[in-house]
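K.L.:
My structure is below; once you've seen it, I'll send some questions.
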Number of protein chains: 2
Amino acid sequence: MFVIADNLQITRQRVEQAVRERNPDPIRELARQCKECGAQAIDVNAGPLSRQGEEIMRFLVDAVQDACDLPVCLDTVNPRAMEAGLRAARNRPIINGISLQPEKMAGFLPLAQKYDADLIGFLLQPDGHVPRDAETRLTLAVELVGRLEEAGVSRERLVLDPIAAPLLWDDGGRQAVETLETVRLLPDVLGYDVRVMVGLSNLTTGRPPGPHRQLVEQTYLAMLGGAGLRWVLLNIFNPQTVATAQAVGVLGSGGIFAWSF
Amino acid sequence: MFVIADNLQITRQRVEQAVRERNPDPIRELARQCKECGAQAIDVNAGPLSRQGEEIMRFLVDAVQDACDLPVCLDTVNPRAMEAGLRAARNRPIINGISLQPEKMAGFLPLAQKYDADLIGFLLQPDGHVPRDAETRLTLAVELVGRLEEAGVSRERLVLDPIAAPLLWDDGGRQAVETLETVRLLPDVLGYDVRVMVGLSNLTTGRPPGPHRQLVEQTYLAMLGGAGLRWVLLNIFNPQTVATAQAVGVLGSGGIFAWSF
């Protein structure tokens, strides 16, 4: 299982202060820690639209790459900041992400065409809402993959995210089932072995840390793995969840079993 | 997820002694403990063929049913002992189990026809070997379901077990993947929402207890749950694994999420 750290977010004080002072050291340190804890890519969340979006994204991507050789997952709704990140990336970066929302298609499809980056495609409605069920998610996936292929984006670059909604939502329990079902059915519906991911931290949003939240997070991640999930975006500083992701990787890959990961 | 305790085995000293002395109290106590720990059925393993097979099975089933109202899962290769258990059962019992092995078909198919019991069907080769891959398991499932339907056994009574092989086997890692794949594909291949189970303790056979074994067991159980597993036979005195089974049940059922189970 390919693990992306979601820890580099400008909303966190340590990151926000480093950006404000344009001091790369805390960002480098954070990137090194992410890699040590098992990250295989680092999500670079440059935050809300900003006049300095391009410069901030470049600063962050440079700092991460000074510290480690992991790919960056460029997480912004600002197409100019996204392009700045794509230009600064030394390894193949990940665009996080596109969807059928018109502003996302207009902003990011040209970048997906121009740069041979990996591309996260969210199964969101064109109005940005989370679909209610698996059937809608699958229909959106067919539409999104079709639009991207028409535009010449290789489907091998695409990673679909069917959205793990917060369990606290009124229909959160039902959503968890629908997302699982979507993961299970996507390869059949699309007719190829599409890579599927979720952002896991979303699931337990609003819940205090503790053994129940931990059990739910690890169990749902492994269930998604059993349904076919290949990538996950998560808090890399939670060693138990990371251990589960690694165990899913071993148990799902059929290699020789090492008993230590 | 429907959880069956595998703790009532005649090979365990406490059980063996109670059987030898025909003292139902330790069996009753064990059954009560199984229920308290979350068991929804109790596997009654009467051990190797014995001249007193029928009497021992009856003794065990009676003792369990004196103590709790859970269904019994009758686990013997002796058809006469099996029938004694079927006669003694007060709730719908489970026959554990049949397969395409000729002696199993000859011994247990008549009992499955005569008693309206649930029936575990192992996806074993006719020679008793564990299949190497998912394709063979699926072929065996089609053959087994066909044979049972021809004989008038309702497919609603059937629970298929694709065998979770020990990870320590030379091809244990590959087997884990093939079993997962089988669980994922069985409903499609059979064309109905067949119940699927595994015996989980088998997976980590030969490994000492510890955090790695625990992580592997919980992760694989949740992966199977994400692939569609509905029943599991496990050590009910392992609270962490039982908690995972219960979390899989909640996360896979789409009910309102209680955050405590």
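Labels used: A, B, ... for chains in the order of the structure tokens, numbers from 1 for residues in each chain, and numbers from 1 for ligands as shown.
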Write out as a list in words each polymer residue whose atoms come within 8 Å of Ile163 in chain B, counting only C-alpha atoms; drop sequence neighbours fewer than 4 positions from it.

P.N.:
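Listed by chain and then number, they are Phe122, Leu123, Leu124, Val130, Thr179, Val198 and Gly199 of chain B.
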
K.L.:
If you count only C-alpha atoms, which residues fall within 12 Å of Met105 in chain B, apart from same-chain ones fewer than 6 positions away, as a PDB file with all heavy atoms, in the first residue's frame?

P.N.:
```pdb
ATOM      1  N   VAL B  77     -15.503 -35.276  12.278  1.00  0.00           N
ATOM      2  CA  VAL B  77     -15.489 -36.003  11.004  1.00  0.00           C
ATOM      3  C   VAL B  77     -16.287 -37.302  11.116  1.00  0.00           C
ATOM      4  O   VAL B  77     -16.350 -38.073  10.160  1.00  0.00           O
ATOM      5  CB  VAL B  77     -14.049 -36.320  10.553  1.00  0.00           C
ATOM      6  CG1 VAL B  77     -13.290 -35.024  10.271  1.00  0.00           C
ATOM      7  CG2 VAL B  77     -13.303 -37.161  11.576  1.00  0.00           C
ATOM      8  N   PRO B  79     -19.688 -39.088  11.229  1.00  0.00           N
ATOM      9  CA  PRO B  79     -21.089 -38.803  10.908  1.00  0.00           C
ATOM     10  C   PRO B  79     -22.058 -39.206  12.015  1.00  0.00           C
ATOM     11  O   PRO B  79     -23.075 -38.551  12.209  1.00  0.00           O
ATOM     12  CB  PRO B  79     -21.347 -39.617   9.629  1.00  0.00           C
ATOM     13  CG  PRO B  79     -19.998 -39.816   9.030  1.00  0.00           C
ATOM     14  CD  PRO B  79     -19.055 -39.930  10.187  1.00  0.00           C
ATOM     15  N   GLY B  97     -17.810 -29.815   8.870  1.00  0.00           N
ATOM     16  CA  GLY B  97     -18.401 -29.309   7.667  1.00  0.00           C
ATOM     17  C   GLY B  97     -18.242 -30.321   6.561  1.00  0.00           C
ATOM     18  O   GLY B  97     -17.625 -31.376   6.665  1.00  0.00           O
ATOM     19  N   ILE B  98     -18.738 -29.912   5.415  1.00  0.00           N
ATOM     20  CA  ILE B  98     -18.712 -30.790   4.240  1.00  0.00           C
ATOM     21  C   ILE B  98     -17.653 -30.284   3.254  1.00  0.00           C
ATOM     22  O   ILE B  98     -17.145 -29.167   3.397  1.00  0.00           O
ATOM     23  CB  ILE B  98     -20.120 -30.861   3.604  1.00  0.00           C
ATOM     24  CG1 ILE B  98     -20.321 -32.159   2.821  1.00  0.00           C
ATOM     25  CG2 ILE B  98     -20.383 -29.623   2.745  1.00  0.00           C
ATOM     26  CD1 ILE B  98     -21.783 -32.433   2.486  1.00  0.00           C
ATOM     27  N   SER B  99     -17.308 -31.096   2.269  1.00  0.00           N
ATOM     28  CA  SER B  99     -16.440 -30.683   1.160  1.00  0.00           C
ATOM     29  C   SER B  99     -16.639 -31.702   0.047  1.00  0.00           C
ATOM     30  O   SER B  99     -17.436 -32.633   0.197  1.00  0.00           O
ATOM     31  CB  SER B  99     -14.977 -30.647   1.588  1.00  0.00           C
ATOM     32  OG  SER B  99     -14.481 -31.968   1.691  1.00  0.00           O
ATOM     33  N   LEU B 111     -27.110 -36.047   6.132  1.00  0.00           N
ATOM     34  CA  LEU B 111     -27.487 -35.306   7.337  1.00  0.00           C
ATOM     35  C   LEU B 111     -27.946 -33.892   6.979  1.00  0.00           C
ATOM     36  O   LEU B 111     -28.894 -33.364   7.576  1.00  0.00           O
ATOM     37  CB  LEU B 111     -26.312 -35.248   8.319  1.00  0.00           C
ATOM     38  CG  LEU B 111     -25.843 -36.619   8.848  1.00  0.00           C
ATOM     39  CD1 LEU B 111     -24.641 -36.447   9.773  1.00  0.00           C
ATOM     40  CD2 LEU B 111     -26.986 -37.324   9.572  1.00  0.00           C
ATOM     41  N   ALA B 112     -27.277 -33.298   6.004  1.00  0.00           N
ATOM     42  CA  ALA B 112     -27.682 -31.956   5.571  1.00  0.00           C
ATOM     43  C   ALA B 112     -29.075 -32.005   4.942  1.00  0.00           C
ATOM     44  O   ALA B 112     -29.866 -31.063   5.076  1.00  0.00           O
ATOM     45  CB  ALA B 112     -26.665 -31.393   4.564  1.00  0.00           C
ATOM     46  N   GLN B 113     -29.377 -33.131   4.278  1.00  0.00           N
ATOM     47  CA  GLN B 113     -30.714 -33.282   3.688  1.00  0.00           C
ATOM     48  C   GLN B 113     -31.780 -33.477   4.757  1.00  0.00           C
ATOM     49  O   GLN B 113     -32.881 -32.958   4.670  1.00  0.00           O
ATOM     50  CB  GLN B 113     -30.730 -34.487   2.730  1.00  0.00           C
ATOM     51  CG  GLN B 113     -29.917 -34.280   1.455  1.00  0.00           C
ATOM     52  CD  GLN B 113     -29.780 -35.560   0.647  1.00  0.00           C
ATOM     53  OE1 GLN B 113     -29.356 -36.586   1.175  1.00  0.00           O
ATOM     54  NE2 GLN B 113     -30.125 -35.503  -0.632  1.00  0.00           N
ATOM     55  N   GLY B 121     -19.281 -25.393   4.049  1.00  0.00           N
ATOM     56  CA  GLY B 121     -18.698 -26.114   2.920  1.00  0.00           C
ATOM     57  C   GLY B 121     -17.276 -25.633   2.667  1.00  0.00           C
ATOM     58  O   GLY B 121     -17.063 -24.483   2.308  1.00  0.00           O
ATOM     59  N   PHE B 122     -16.310 -26.535   2.881  1.00  0.00           N
ATOM     60  CA  PHE B 122     -14.908 -26.168   2.685  1.00  0.00           C
ATOM     61  C   PHE B 122     -14.529 -26.294   1.213  1.00  0.00           C
ATOM     62  O   PHE B 122     -14.865 -27.282   0.564  1.00  0.00           O
ATOM     63  CB  PHE B 122     -13.999 -27.078   3.519  1.00  0.00           C
ATOM     64  CG  PHE B 122     -14.159 -26.853   4.987  1.00  0.00           C
ATOM     65  CD1 PHE B 122     -14.933 -27.710   5.758  1.00  0.00           C
ATOM     66  CD2 PHE B 122     -13.558 -25.767   5.606  1.00  0.00           C
ATOM     67  CE1 PHE B 122     -15.097 -27.501   7.117  1.00  0.00           C
ATOM     68  CE2 PHE B 122     -13.719 -25.544   6.969  1.00  0.00           C
ATOM     69  CZ  PHE B 122     -14.494 -26.408   7.722  1.00  0.00           C
ATOM     70  N   PRO B 126     -11.089 -32.638  -3.859  1.00  0.00           N
ATOM     71  CA  PRO B 126     -11.653 -33.943  -3.491  1.00  0.00           C
ATOM     72  C   PRO B 126     -10.657 -34.821  -2.731  1.00  0.00           C
ATOM     73  O   PRO B 126     -11.060 -35.673  -1.939  1.00  0.00           O
ATOM     74  CB  PRO B 126     -12.031 -34.566  -4.844  1.00  0.00           C
ATOM     75  CG  PRO B 126     -12.284 -33.389  -5.727  1.00  0.00           C
ATOM     76  CD  PRO B 126     -11.314 -32.317  -5.281  1.00  0.00           C
ATOM     77  N   LEU B 144     -19.333 -27.670  -5.717  1.00  0.00           N
ATOM     78  CA  LEU B 144     -19.934 -28.018  -4.427  1.00  0.00           C
ATOM     79  C   LEU B 144     -21.367 -27.506  -4.326  1.00  0.00           C
ATOM     80  O   LEU B 144     -22.280 -28.250  -3.929  1.00  0.00           O
ATOM     81  CB  LEU B 144     -19.080 -27.454  -3.283  1.00  0.00           C
ATOM     82  CG  LEU B 144     -19.573 -27.735  -1.856  1.00  0.00           C
ATOM     83  CD1 LEU B 144     -19.609 -29.234  -1.572  1.00  0.00           C
ATOM     84  CD2 LEU B 144     -18.683 -27.032  -0.829  1.00  0.00           C
ATOM     85  N   ARG B 147     -23.594 -29.658  -6.476  1.00  0.00           N
ATOM     86  CA  ARG B 147     -23.880 -30.974  -5.880  1.00  0.00           C
ATOM     87  C   ARG B 147     -24.907 -30.857  -4.758  1.00  0.00           C
ATOM     88  O   ARG B 147     -25.815 -31.695  -4.629  1.00  0.00           O
ATOM     89  CB  ARG B 147     -22.587 -31.599  -5.319  1.00  0.00           C
ATOM     90  CG  ARG B 147     -21.548 -31.985  -6.361  1.00  0.00           C
ATOM     91  CD  ARG B 147     -21.814 -33.354  -6.975  1.00  0.00           C
ATOM     92  NE  ARG B 147     -21.664 -34.435  -6.013  1.00  0.00           N
ATOM     93  CZ  ARG B 147     -20.506 -34.995  -5.659  1.00  0.00           C
ATOM     94  NH1 ARG B 147     -19.382 -34.594  -6.218  1.00  0.00           N
ATOM     95  NH2 ARG B 147     -20.471 -35.976  -4.791  1.00  0.00           N
ATOM     96  N   LEU B 148     -24.764 -29.807  -3.938  1.00  0.00           N
ATOM     97  CA  LEU B 148     -25.685 -29.646  -2.806  1.00  0.00           C
ATOM     98  C   LEU B 148     -27.086 -29.299  -3.289  1.00  0.00           C
ATOM     99  O   LEU B 148     -28.083 -29.812  -2.766  1.00  0.00           O
ATOM    100  CB  LEU B 148     -25.153 -28.584  -1.841  1.00  0.00           C
ATOM    101  CG  LEU B 148     -23.839 -28.947  -1.137  1.00  0.00           C
ATOM    102  CD1 LEU B 148     -23.314 -27.765  -0.319  1.00  0.00           C
ATOM    103  CD2 LEU B 148     -24.013 -30.171  -0.243  1.00  0.00           C
ATOM    104  N   ALA B 151     -28.904 -32.174  -4.557  1.00  0.00           N
ATOM    105  CA  ALA B 151     -29.352 -33.037  -3.464  1.00  0.00           C
ATOM    106  C   ALA B 151     -30.454 -32.387  -2.643  1.00  0.00           C
ATOM    107  O   ALA B 151     -30.884 -32.942  -1.628  1.00  0.00           O
ATOM    108  CB  ALA B 151     -28.169 -33.401  -2.576  1.00  0.00           C
TER     109      ALA B 151
END
```

K.L.:
Need the shell around Asn235 in chain A: protein/DNA/RNA residues with any atom at most 6 Å away, counting only C-alpha atoms. Skip same-chain ones fewer than 5 positions apart. Format as a PyMOL selection string?

P.N.:
chain A and resi 5-7

K.L.:
Return the neighbours of chain B among the residues of chain A, cut-off 9 Å, counting only C-alpha atoms, as an MDAnalysis selection string.

P.N.:
chainID A and resid 167:168 170:178 180:181 184 212:213 215:216 218:228 243:245 247:248 250:257 259:261

K.L.:
Do a neighbour search on Phe59 in chain B at 8 Å with only C-alpha atoms, toss out local chain neighbours closer than 2 positions, and write the hits as a compact mmCIF listing (two decimals) with C-alpha atoms, in the first residue's frame.

P.N.:
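Done, and the output landed in around.txt:
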```txt
# COMPACT_ATOMS: atom_id res chain seq x y z
CA VAL B 19 -15.22 -35.12 29.04
CA ARG B 22 -18.36 -36.58 32.26
CA PRO B 24 -20.55 -30.78 32.53
CA GLU B 55 -22.17 -39.95 23.50
CA ILE B 56 -19.37 -37.40 23.85
CA MET B 57 -20.95 -35.08 21.29
CA VAL B 61 -23.88 -30.13 23.22
CA ASP B 62 -26.09 -30.63 26.27
CA ALA B 63 -23.56 -28.92 28.54
```
